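Q: Just dropping this structure here.
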Amino acid sequence: MLLDSLKNNIYMAPMAGVTDRVFRALVHSHGAGLTFSEMVSAKSIVYRNKNTARLLENAPHVRPWAVQFFGHEPEILAEAIHMLEDCPFDIVNINMGCPMPKIVKNGEGAALMTNPPLAGRMIEAAVRASSRPVTVKIRKGFTPSSLNAIEMAKIAEAAGAANITVHGRTRDQYYTGTADWEAIAAVKKAVKIPVIGNGDIFSAEVAVKRLQESGCDGIMIARGAMGNPWIFSRTVAYLETGVMPPEPTQEEIIKTAIAHLNAVAEEKSNIVEMRKHLSWYTKGMHSSAELRSKINSAKTSQEMEALLVPMLDKAK
């Protein structure tokens with residue numbers, strides 16, 4: 001199975017508005033063992049929404065990669081997977097963890113955790129329709145009074161899922177509070193399929209610690225990779241050698257930020273989305289608050305780069 005042949009078990013999480021093809025290529029170059037698309041609506045694929053096509057674009061060398069689908073109708077999900085049979089991606093992932101109201105109110109994302117039978121039918125339909133491995137991403141529950149990650153994992157296993165990722169928060173928490181890695185470890189003990197842990201991985205040191213302590217088969221990094229693709233290379237290096245590489249220098253960070261900016265500018269006329277990325281790269285640096293204010297006013301890549309170059313000169 002493809003999942004058994006990944007170069008490592010440190011994954012880049014799917015994140016709407018973040019994990020586009022440029023970002024995936026970046027973290028892939030830093031060692032991420034698997035990358036994911038932004039969330040893709042199964043219904044949008046079936047109805048041939050033109051805006052969805054860009055979510056399925058990927059640099060040819062960034063393999064393997066997974067497409068994350070969301071929806072609540074098994075037959076629509078199956079049809080979408082059939083329609084993408086010739087699309088060059090490697091793994092199907094079903095989102096059952098997104099907490100955003102516009103997703104949940106449609107019975108999608110984390111809302112599927114309130115309807116385990118439907119979740120099971122979604123997975124079964126995807127497995128029947130797909131020639132690729134089907135994986136699932138869930139949370140530890142919808143509310144503190146409905147912690148059903150183990151039940152959901154067992155349903156996913158019975159339905160034919162190749163692995164399951166568990167985010168250690170309830171839907172009610174969104175991204176606040178602390179991820180519950182004991183809940184993730186409990187899921188790992190309850191099923192035979194691989195379990196990937198997700199939540200609060202903001203450094204290579206924590207990534208290694210969580211992987212070792214939880215017994216999980218892999219780690220999925222989300223917000224910890226924002227402005228910090230080195231979290232992958234440093235984690236992988238430590239796991240392979242036992243030696244933790246040094247943190248990137250300010251010069252390395254600014255050079256990477258500029259390269260990221262230029263790569264996005266080559267593909268898109270609107271580079272406003274780079275404002276958040278550049279703010280993440282420069283967080284904590286001297287005068288970063290002032291710089292962030294200026295970045296958020298910049299409208300072109302040239303204006304943004306002009307703000308970064310002086311920081312690069314100072315770092316040399």
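Ligands are numbered from 1 in the order shown, chains are lettered A, B, ... in the order of the structure tokens, and residues start at 1 in each chain.
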Excluding same-chain residues fewer than 5 positions from A:Glu266, what lies within 10 Å of it counting only C-alpha atoms, as a ChimeraX atom specification?
A: /A:261,271,301
Q: Would you mind listing what lies within 9 Å of A:Glu151 as a VMD selection string, with only C-alpha atoms counted and same-chain residues fewer than 5 positions away left out?
A: chain A and resid 116 156 187
Q: Would you save the residues of that selection, restricted to all heavy atoms, as a compact mmCIF listing (two decimals), in the first residue's frame?
A:
```txt
# COMPACT_ATOMS: atom_id res chain seq x y z
N PRO A 116 -22.56 9.04 13.40
CA PRO A 116 -21.61 7.98 13.03
C PRO A 116 -22.09 7.04 11.93
O PRO A 116 -21.29 6.65 11.07
CB PRO A 116 -21.39 7.24 14.36
CG PRO A 116 -21.61 8.29 15.41
CD PRO A 116 -22.76 9.11 14.86
N ALA A 156 -14.54 3.75 11.03
CA ALA A 156 -13.67 3.98 9.88
C ALA A 156 -12.89 2.72 9.53
O ALA A 156 -12.75 2.37 8.35
CB ALA A 156 -12.70 5.13 10.19
N VAL A 187 -7.24 6.23 21.10
CA VAL A 187 -7.71 5.77 19.78
C VAL A 187 -6.69 4.81 19.18
O VAL A 187 -7.06 3.77 18.62
CB VAL A 187 -7.95 6.97 18.84
CG1 VAL A 187 -8.27 6.49 17.43
CG2 VAL A 187 -9.07 7.84 19.36
```
Q: List every residue of stretch 44-252 of chain A that DSSP, applied to the backbone of this structure, places in helix (DSSP H, G or I), and write the result as JSON, numbers by chain.
A: {"A": [44, 45, 46, 50, 51, 52, 53, 54, 55, 56, 74, 75, 76, 77, 78, 79, 80, 81, 82, 83, 101, 102, 103, 104, 109, 110, 111, 112, 113, 114, 116, 117, 118, 119, 120, 121, 122, 123, 124, 125, 126, 127, 128, 129, 149, 150, 151, 152, 153, 154, 155, 156, 157, 158, 159, 171, 172, 173, 181, 182, 183, 184, 185, 186, 187, 188, 189, 190, 204, 205, 206, 207, 208, 209, 210, 211, 212, 213, 214, 223, 224, 225, 230, 231, 232, 233, 234, 235, 236, 237, 238, 239, 240, 241, 250, 251, 252]}
Q: Between A:Ala186, A:Ala263, A:Val195, A:Leu34, which is the closest to A:Glu157 once you count only C-alpha atoms?
A: A:Val195
Q: With distances taken over only C-alpha atoms, which of A:Pro64, A:Pro14, A:Gly71, A:Pro229 is nearest to A:Lys137?
A: A:Pro14
Q: When you draw a straight line from atom CA of A:Lys50 to atom CA of A:Met304, how long is it in Å?
A: 29.4 Å
Q: If we count only C-alpha atoms, what is near A:Glu38 at a cut-off of 12 Å, once residues fewer than 3 positions away on the same chain are taken out, given as an MDAnalysis selection string?
A: chainID A and resid 12:24 35 41 52:58 65:70 93:95 98 222
Q: What would the file look like if the residues just selected were written as a compact mmCIF listing (two decimals), in the first residue's frame with N, CA and C atoms?
A:
```txt
# COMPACT_ATOMS: atom_id res chain seq x y z
N MET A 12 2.04 17.13 6.55
CA MET A 12 1.52 18.50 6.56
C MET A 12 0.00 18.44 6.52
N ALA A 13 -0.66 19.04 7.49
CA ALA A 13 -2.12 18.98 7.57
C ALA A 13 -2.78 19.81 6.48
N PRO A 14 -3.97 19.42 6.04
CA PRO A 14 -4.74 20.26 5.12
C PRO A 14 -5.26 21.48 5.87
N MET A 15 -5.08 22.67 5.28
CA MET A 15 -5.60 23.89 5.90
C MET A 15 -6.15 24.81 4.82
N ALA A 16 -7.42 25.15 4.95
CA ALA A 16 -8.06 26.03 3.99
C ALA A 16 -7.36 27.38 3.97
N GLY A 17 -7.07 27.86 2.77
CA GLY A 17 -6.42 29.15 2.61
C GLY A 17 -4.93 29.13 2.88
N VAL A 18 -4.37 27.97 3.11
CA VAL A 18 -2.93 27.88 3.42
C VAL A 18 -2.22 26.86 2.53
N THR A 19 -2.72 25.64 2.47
CA THR A 19 -1.96 24.57 1.81
C THR A 19 -2.25 24.51 0.31
N ASP A 20 -1.93 25.62 -0.37
CA ASP A 20 -2.04 25.62 -1.83
C ASP A 20 -0.81 24.95 -2.43
N ARG A 21 -0.72 24.92 -3.75
CA ARG A 21 0.36 24.16 -4.39
C ARG A 21 1.74 24.72 -4.06
N VAL A 22 1.86 26.04 -3.90
CA VAL A 22 3.16 26.62 -3.55
C VAL A 22 3.57 26.21 -2.15
N PHE A 23 2.64 26.28 -1.22
CA PHE A 23 2.97 25.91 0.16
C PHE A 23 3.28 24.43 0.26
N ARG A 24 2.54 23.61 -0.46
CA ARG A 24 2.83 22.17 -0.44
C ARG A 24 4.23 21.89 -0.97
N THR A 35 1.65 15.61 1.91
CA THR A 35 0.97 16.91 1.93
C THR A 35 -0.47 16.72 1.49
N SER A 41 -14.80 20.58 -1.93
CA SER A 41 -16.20 20.18 -1.85
C SER A 41 -16.51 19.10 -2.88
N THR A 52 -13.08 25.32 -8.07
CA THR A 52 -12.55 24.14 -7.38
C THR A 52 -11.33 23.58 -8.09
N ALA A 53 -11.22 23.82 -9.39
CA ALA A 53 -10.13 23.24 -10.16
C ALA A 53 -8.76 23.65 -9.63
N ARG A 54 -8.63 24.90 -9.16
CA ARG A 54 -7.32 25.37 -8.69
C ARG A 54 -6.88 24.60 -7.44
N LEU A 55 -7.85 24.09 -6.68
CA LEU A 55 -7.50 23.34 -5.46
C LEU A 55 -6.86 22.00 -5.80
N LEU A 56 -7.04 21.57 -7.04
CA LEU A 56 -6.51 20.27 -7.47
C LEU A 56 -5.22 20.40 -8.26
N GLU A 57 -4.67 21.61 -8.32
CA GLU A 57 -3.40 21.82 -8.99
C GLU A 57 -2.25 21.46 -8.05
N ASN A 58 -1.23 20.83 -8.62
CA ASN A 58 -0.10 20.41 -7.79
C ASN A 58 1.16 20.34 -8.63
N TRP A 65 0.71 13.04 -2.59
CA TRP A 65 -0.11 14.05 -1.93
C TRP A 65 -1.55 13.56 -1.91
N ALA A 66 -2.32 14.11 -0.99
CA ALA A 66 -3.71 13.68 -0.79
C ALA A 66 -4.66 14.83 -1.08
N VAL A 67 -5.84 14.48 -1.57
CA VAL A 67 -6.92 15.45 -1.73
C VAL A 67 -7.93 15.22 -0.61
N GLN A 68 -8.22 16.30 0.12
CA GLN A 68 -9.19 16.19 1.21
C GLN A 68 -10.57 16.65 0.75
N PHE A 69 -11.53 15.74 0.82
CA PHE A 69 -12.90 16.01 0.41
C PHE A 69 -13.77 16.33 1.63
N PHE A 70 -14.78 17.19 1.41
CA PHE A 70 -15.81 17.32 2.43
C PHE A 70 -17.17 17.26 1.77
N ASN A 93 -8.73 11.72 1.26
CA ASN A 93 -8.95 11.99 2.68
C ASN A 93 -10.33 12.59 2.84
N ILE A 94 -11.07 12.15 3.85
CA ILE A 94 -12.41 12.67 4.12
C ILE A 94 -12.38 13.52 5.38
N ASN A 95 -12.82 14.76 5.26
CA ASN A 95 -12.82 15.67 6.39
C ASN A 95 -14.06 15.44 7.26
N CYS A 98 -13.64 19.49 10.44
CA CYS A 98 -13.67 20.94 10.30
C CYS A 98 -14.74 21.53 11.22
N ALA A 222 -0.02 21.24 11.67
CA ALA A 222 -0.87 22.24 11.03
C ALA A 222 -0.30 23.64 11.28
```
Q: List every residue of stretch 96-284 of chain A that DSSP, applied to the backbone of this structure, places in strand (DSSP E), and write the result as a tab-separated table (two decimals) with all heavy atoms, in the first residue's frame.
A:
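Written output follows (out.tsv):
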```tsv
chain	number	residue	atom	x	y	z
A	96	MET	N	-13.81	15.01	8.49
A	96	MET	CA	-14.87	14.87	9.48
A	96	MET	C	-14.51	15.62	10.75
A	96	MET	O	-14.92	15.26	11.85
A	96	MET	CB	-15.13	13.38	9.77
A	96	MET	CG	-15.62	12.61	8.55
A	96	MET	SD	-16.10	10.91	8.93
A	96	MET	CE	-16.66	10.36	7.30
A	134	VAL	N	-8.12	5.32	1.11
A	134	VAL	CA	-9.05	6.30	1.68
A	134	VAL	C	-8.72	6.48	3.16
A	134	VAL	O	-8.62	5.51	3.91
A	134	VAL	CB	-10.52	5.85	1.53
A	134	VAL	CG1	-11.46	6.79	2.28
A	134	VAL	CG2	-10.89	5.77	0.06
A	135	THR	N	-8.51	7.72	3.57
A	135	THR	CA	-8.18	8.03	4.95
A	135	THR	C	-9.21	9.03	5.49
A	135	THR	O	-9.96	9.63	4.73
A	135	THR	CB	-6.76	8.62	5.06
A	135	THR	OG1	-6.69	9.85	4.32
A	135	THR	CG2	-5.73	7.65	4.49
A	136	VAL	N	-9.22	9.19	6.80
A	136	VAL	CA	-10.24	10.01	7.46
A	136	VAL	C	-9.59	10.90	8.50
A	136	VAL	O	-8.65	10.48	9.18
A	136	VAL	CB	-11.32	9.13	8.12
A	136	VAL	CG1	-12.42	9.99	8.74
A	136	VAL	CG2	-11.91	8.14	7.13
A	137	LYS	N	-10.10	12.13	8.66
A	137	LYS	CA	-9.64	13.02	9.71
A	137	LYS	C	-10.82	13.40	10.60
A	137	LYS	O	-11.85	13.88	10.10
A	137	LYS	CB	-8.99	14.28	9.12
A	137	LYS	CG	-8.26	15.14	10.15
A	137	LYS	CD	-7.43	16.22	9.45
A	137	LYS	CE	-6.51	16.95	10.44
A	137	LYS	NZ	-7.23	17.87	11.33
A	138	ILE	N	-10.67	13.18	11.91
A	138	ILE	CA	-11.74	13.47	12.86
A	138	ILE	C	-11.19	14.30	14.01
A	138	ILE	O	-9.99	14.61	14.07
A	138	ILE	CB	-12.34	12.16	13.43
A	138	ILE	CG1	-11.30	11.40	14.27
A	138	ILE	CG2	-12.90	11.29	12.32
A	138	ILE	CD1	-11.86	10.24	15.06
A	139	ARG	N	-12.08	14.65	14.95
A	139	ARG	CA	-11.70	15.26	16.22
A	139	ARG	C	-12.01	14.27	17.35
A	139	ARG	O	-12.54	13.19	17.09
A	139	ARG	CB	-12.46	16.57	16.43
A	139	ARG	CG	-11.95	17.68	15.51
A	139	ARG	CD	-12.54	19.02	15.83
A	139	ARG	NE	-11.76	20.05	15.14
A	139	ARG	CZ	-11.28	21.15	15.70
A	139	ARG	NH1	-11.52	21.39	16.99
A	139	ARG	NH2	-10.58	22.01	15.01
A	140	LYS	N	-11.69	14.65	18.57
A	140	LYS	CA	-11.94	13.70	19.67
A	140	LYS	C	-13.42	13.62	20.01
A	140	LYS	O	-13.84	12.71	20.71
A	140	LYS	CB	-11.11	14.05	20.91
A	140	LYS	CG	-11.57	15.25	21.71
A	140	LYS	CD	-10.79	15.32	23.04
A	140	LYS	CE	-11.29	16.44	23.93
A	140	LYS	NZ	-10.61	16.44	25.25
A	141	GLY	N	-14.22	14.55	19.49
A	141	GLY	CA	-15.65	14.55	19.71
A	141	GLY	C	-16.23	15.85	19.23
A	141	GLY	O	-15.51	16.76	18.81
A	163	ASN	N	-6.19	4.67	7.16
A	163	ASN	CA	-5.72	5.21	8.43
A	163	ASN	C	-6.67	6.29	8.89
A	163	ASN	O	-7.59	6.68	8.16
A	163	ASN	CB	-4.26	5.70	8.37
A	163	ASN	CG	-4.07	7.03	7.67
A	163	ASN	OD1	-4.98	7.84	7.53
A	163	ASN	ND2	-2.85	7.27	7.20
A	164	ILE	N	-6.45	6.79	10.10
A	164	ILE	CA	-7.31	7.83	10.64
A	164	ILE	C	-6.46	8.84	11.39
A	164	ILE	O	-5.53	8.46	12.13
A	164	ILE	CB	-8.41	7.25	11.55
A	164	ILE	CG1	-9.41	8.35	11.96
A	164	ILE	CG2	-7.83	6.55	12.76
A	164	ILE	CD1	-10.73	7.79	12.45
A	165	THR	N	-6.72	10.12	11.16
A	165	THR	CA	-6.04	11.19	11.88
A	165	THR	C	-7.00	11.73	12.93
A	165	THR	O	-8.17	11.99	12.65
A	165	THR	CB	-5.62	12.32	10.93
A	165	THR	OG1	-4.67	11.80	9.99
A	165	THR	CG2	-4.99	13.47	11.70
A	166	VAL	N	-6.47	11.92	14.15
A	166	VAL	CA	-7.29	12.43	15.25
A	166	VAL	C	-6.72	13.76	15.73
A	166	VAL	O	-5.56	13.83	16.14
A	166	VAL	CB	-7.33	11.44	16.43
A	166	VAL	CG1	-8.27	11.97	17.52
A	166	VAL	CG2	-7.77	10.06	15.97
A	167	HIS	N	-7.55	14.80	15.65
A	167	HIS	CA	-7.20	16.09	16.26
A	167	HIS	C	-7.73	16.05	17.69
A	167	HIS	O	-8.92	15.81	17.91
A	167	HIS	CB	-7.85	17.22	15.48
A	167	HIS	CG	-7.50	18.59	15.99
A	167	HIS	ND1	-7.12	19.62	15.15
A	167	HIS	CD2	-7.46	19.11	17.24
A	167	HIS	CE1	-6.85	20.70	15.87
A	167	HIS	NE2	-7.07	20.42	17.15
A	168	GLY	N	-6.86	16.33	18.64
A	168	GLY	CA	-7.21	16.16	20.04
A	168	GLY	C	-8.03	17.27	20.66
A	168	GLY	O	-7.79	17.65	21.82
A	169	ARG	N	-8.98	17.81	19.93
A	169	ARG	CA	-9.92	18.80	20.45
A	169	ARG	C	-11.33	18.44	20.01
A	169	ARG	O	-11.52	17.74	19.01
A	169	ARG	CB	-9.60	20.21	19.91
A	169	ARG	CG	-8.36	20.86	20.50
A	169	ARG	CD	-8.20	22.28	19.92
A	169	ARG	NE	-7.15	23.03	20.57
A	169	ARG	CZ	-5.85	22.98	20.24
A	169	ARG	NH1	-5.48	22.18	19.23
A	169	ARG	NH2	-4.96	23.69	20.88
A	170	THR	N	-12.33	18.94	20.73
A	170	THR	CA	-13.71	18.82	20.29
A	170	THR	C	-14.01	19.92	19.28
A	170	THR	O	-13.27	20.90	19.16
A	170	THR	CB	-14.69	18.96	21.46
A	170	THR	OG1	-14.56	20.28	22.02
A	170	THR	CG2	-14.42	17.93	22.53
A	195	VAL	N	-2.87	5.23	13.19
A	195	VAL	CA	-3.48	6.45	13.73
A	195	VAL	C	-2.45	7.57	13.70
A	195	VAL	O	-1.32	7.40	14.15
A	195	VAL	CB	-3.98	6.23	15.17
A	195	VAL	CG1	-4.45	7.55	15.80
A	195	VAL	CG2	-5.11	5.20	15.20
A	196	ILE	N	-2.86	8.70	13.16
A	196	ILE	CA	-2.00	9.88	13.06
A	196	ILE	C	-2.49	10.91	14.07
A	196	ILE	O	-3.68	11.21	14.13
A	196	ILE	CB	-2.05	10.49	11.64
A	196	ILE	CG1	-1.89	9.40	10.56
A	196	ILE	CG2	-1.01	11.59	11.49
A	196	ILE	CD1	-0.61	8.60	10.66
A	197	GLY	N	-1.58	11.43	14.89
A	197	GLY	CA	-1.94	12.42	15.89
A	197	GLY	C	-1.79	13.83	15.39
A	197	GLY	O	-0.87	14.14	14.63
A	198	ASN	N	-2.68	14.71	15.84
A	198	ASN	CA	-2.71	16.09	15.35
A	198	ASN	C	-3.16	17.03	16.48
A	198	ASN	O	-4.12	16.74	17.18
A	198	ASN	CB	-3.68	16.17	14.16
A	198	ASN	CG	-3.91	17.58	13.65
A	198	ASN	OD1	-5.04	17.93	13.33
A	198	ASN	ND2	-2.89	18.39	13.54
A	218	GLY	N	2.09	8.27	13.20
A	218	GLY	CA	2.58	9.46	12.52
A	218	GLY	C	2.07	10.70	13.21
A	218	GLY	O	1.22	10.64	14.09
A	219	ILE	N	2.61	11.83	12.78
A	219	ILE	CA	2.23	13.13	13.32
A	219	ILE	C	1.78	14.02	12.16
A	219	ILE	O	2.39	14.03	11.10
A	219	ILE	CB	3.44	13.81	14.03
A	219	ILE	CG1	3.80	13.07	15.31
A	219	ILE	CG2	3.15	15.28	14.31
A	219	ILE	CD1	2.83	13.26	16.44
A	220	MET	N	0.71	14.77	12.38
A	220	MET	CA	0.26	15.74	11.40
A	220	MET	C	0.43	17.13	11.98
A	220	MET	O	-0.07	17.43	13.07
A	220	MET	CB	-1.21	15.49	11.02
A	220	MET	CG	-1.72	16.42	9.93
A	220	MET	SD	-3.41	16.00	9.40
A	220	MET	CE	-3.09	14.57	8.35
A	221	ILE	N	1.16	17.98	11.26
A	221	ILE	CA	1.46	19.33	11.73
A	221	ILE	C	0.63	20.33	10.95
A	221	ILE	O	0.58	20.29	9.73
A	221	ILE	CB	2.96	19.64	11.56
A	221	ILE	CG1	3.80	18.63	12.36
A	221	ILE	CG2	3.27	21.07	12.01
A	221	ILE	CD1	5.29	18.74	12.12
```
Q: Could you state the separation of atom CA of A:Ala161 and atom CA of A:Val206 in Å, given to one decimal place?
A: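 Between atom CA of A:Ala161 and atom CA of A:Val206 the gap is 27.6 Å.
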Q: Which residue out of A:Glu124, A:Lys154, A:Ile91, A:Ile81 has the minimum interatomic distance to A:Ile45 when only C-alpha atoms are used?
A: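 Comparing A:Glu124, A:Lys154, A:Ile91, A:Ile81 against A:Ile45, the winner is A:Ile81.
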Q: Kindly indicate which residue among A:Gln212, A:Ala42, A:Glu273, A:Asn51 lies nearest to A:His82, using only C-alpha atoms for the distances.
A: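 Checking each candidate against A:His82, we get A:Ala42 as the closest.
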Q: Between atom CA of A:Lys209 and atom CA of A:Arg63, what is the spacing in Å?
A: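 Calculated distance between atom CA of A:Arg63 and atom CA of A:Lys209 is 26.8 Å.
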Q: Would you mind listing what lies within 10 Å of A:Lys294 as a list in words, with only C-alpha atoms counted and same-chain residues fewer than 2 positions away left out?
A: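 Counting only C-alpha atoms, the residues come to Arg275, Ser288, Ala289, Glu290, Leu291, Arg292, Asn296, Ser297, Ala298, Glu303, Met304 and Leu307 of chain A.
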Q: With N, CA, C and O atoms kept, could you save the residues just selected as an mmCIF file, in the first residue's frame?
A:
```
data_model
loop_
_atom_site.group_PDB
_atom_site.id
_atom_site.type_symbol
_atom_site.label_atom_id
_atom_site.label_comp_id
_atom_site.auth_asym_id
_atom_site.auth_seq_id
_atom_site.Cartn_x
_atom_site.Cartn_y
_atom_site.Cartn_z
ATOM 1 N N ARG A 275 0.253 38.190 2.722
ATOM 2 C CA ARG A 275 0.378 39.023 3.920
ATOM 3 C C ARG A 275 0.458 38.159 5.177
ATOM 4 O O ARG A 275 1.296 38.383 6.051
ATOM 5 N N SER A 288 8.738 43.506 14.473
ATOM 6 C CA SER A 288 7.839 42.707 13.639
ATOM 7 C C SER A 288 6.419 43.277 13.611
ATOM 8 O O SER A 288 5.716 43.157 12.602
ATOM 9 N N ALA A 289 5.980 43.916 14.704
ATOM 10 C CA ALA A 289 4.634 44.494 14.717
ATOM 11 C C ALA A 289 4.525 45.624 13.696
ATOM 12 O O ALA A 289 3.538 45.717 12.951
ATOM 13 N N GLU A 290 5.558 46.468 13.644
ATOM 14 C CA GLU A 290 5.575 47.559 12.672
ATOM 15 C C GLU A 290 5.639 47.018 11.252
ATOM 16 O O GLU A 290 4.950 47.497 10.346
ATOM 17 N N LEU A 291 6.467 45.987 11.065
ATOM 18 C CA LEU A 291 6.589 45.374 9.745
ATOM 19 C C LEU A 291 5.258 44.758 9.315
ATOM 20 O O LEU A 291 4.847 44.916 8.159
ATOM 21 N N ARG A 292 4.593 44.090 10.246
ATOM 22 C CA ARG A 292 3.315 43.451 9.918
ATOM 23 C C ARG A 292 2.295 44.490 9.457
ATOM 24 O O ARG A 292 1.539 44.255 8.514
ATOM 25 N N ASN A 296 0.621 44.476 5.717
ATOM 26 C CA ASN A 296 -0.830 44.420 5.529
ATOM 27 C C ASN A 296 -1.364 45.573 4.691
ATOM 28 O O ASN A 296 -2.538 45.563 4.293
ATOM 29 N N SER A 297 -0.513 46.554 4.429
ATOM 30 C CA SER A 297 -0.898 47.653 3.548
ATOM 31 C C SER A 297 -0.344 47.481 2.135
ATOM 32 O O SER A 297 -0.768 48.177 1.210
ATOM 33 N N ALA A 298 0.623 46.566 1.991
ATOM 34 C CA ALA A 298 1.250 46.356 0.685
ATOM 35 C C ALA A 298 0.285 45.660 -0.270
ATOM 36 O O ALA A 298 -0.472 44.777 0.128
ATOM 37 N N GLU A 303 6.268 45.554 -3.460
ATOM 38 C CA GLU A 303 6.170 46.305 -2.208
ATOM 39 C C GLU A 303 6.504 45.421 -1.011
ATOM 40 O O GLU A 303 7.197 45.852 -0.085
ATOM 41 N N MET A 304 6.018 44.193 -1.047
ATOM 42 C CA MET A 304 6.284 43.272 0.053
ATOM 43 C C MET A 304 7.758 42.924 0.139
ATOM 44 O O MET A 304 8.362 42.919 1.213
ATOM 45 N N LEU A 307 10.002 45.461 1.678
ATOM 46 C CA LEU A 307 9.953 45.509 3.139
ATOM 47 C C LEU A 307 10.851 44.452 3.772
ATOM 48 O O LEU A 307 11.346 44.627 4.888
#
```
Q: Nearest to A:Gly224: which of A:Phe142, A:Tyr238, A:Tyr11, A:Trp181 is it, counting only C-alpha atoms?
A: A:Tyr11
Q: Which residues are near A:Ala59? Cut-off 7 Å, only C-alpha atoms, ignore same chain within fewer than 2 positions. Put them as a list in words.
A: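 Result of the neighbour search: Arg21, Ala25, His61 and Val62 of chain A.
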Q: With N, CA, C and O atoms kept, could you save the residues just selected as a PDB file, in the first residue's frame?
A:
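So the final result, stored in selection_19.pdb, reads:
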```pdb
ATOM      1  N   ARG A  21      -0.718  24.921  -3.752  1.00  0.00           N
ATOM      2  CA  ARG A  21       0.358  24.156  -4.394  1.00  0.00           C
ATOM      3  C   ARG A  21       1.737  24.718  -4.064  1.00  0.00           C
ATOM      4  O   ARG A  21       2.698  23.954  -3.923  1.00  0.00           O
ATOM      5  N   ALA A  25       4.609  22.561  -2.050  1.00  0.00           N
ATOM      6  CA  ALA A  25       5.950  22.362  -2.608  1.00  0.00           C
ATOM      7  C   ALA A  25       7.020  22.782  -1.609  1.00  0.00           C
ATOM      8  O   ALA A  25       8.071  22.139  -1.488  1.00  0.00           O
ATOM      9  N   HIS A  61       6.372  17.237  -9.018  1.00  0.00           N
ATOM     10  CA  HIS A  61       7.359  16.546  -8.184  1.00  0.00           C
ATOM     11  C   HIS A  61       6.902  16.394  -6.742  1.00  0.00           C
ATOM     12  O   HIS A  61       7.549  15.673  -5.965  1.00  0.00           O
ATOM     13  N   VAL A  62       5.804  17.043  -6.370  1.00  0.00           N
ATOM     14  CA  VAL A  62       5.338  16.973  -4.980  1.00  0.00           C
ATOM     15  C   VAL A  62       4.416  15.776  -4.833  1.00  0.00           C
ATOM     16  O   VAL A  62       3.191  15.871  -4.887  1.00  0.00           O
TER      17      VAL A  62
END
```
Q: Residues near A:Lys189, anyone? I mean within 9 Å using only C-alpha atoms, not counting same-chain ones fewer than 4 positions away, as a VMD selection string.
A: chain A and resid 184 to 185 215
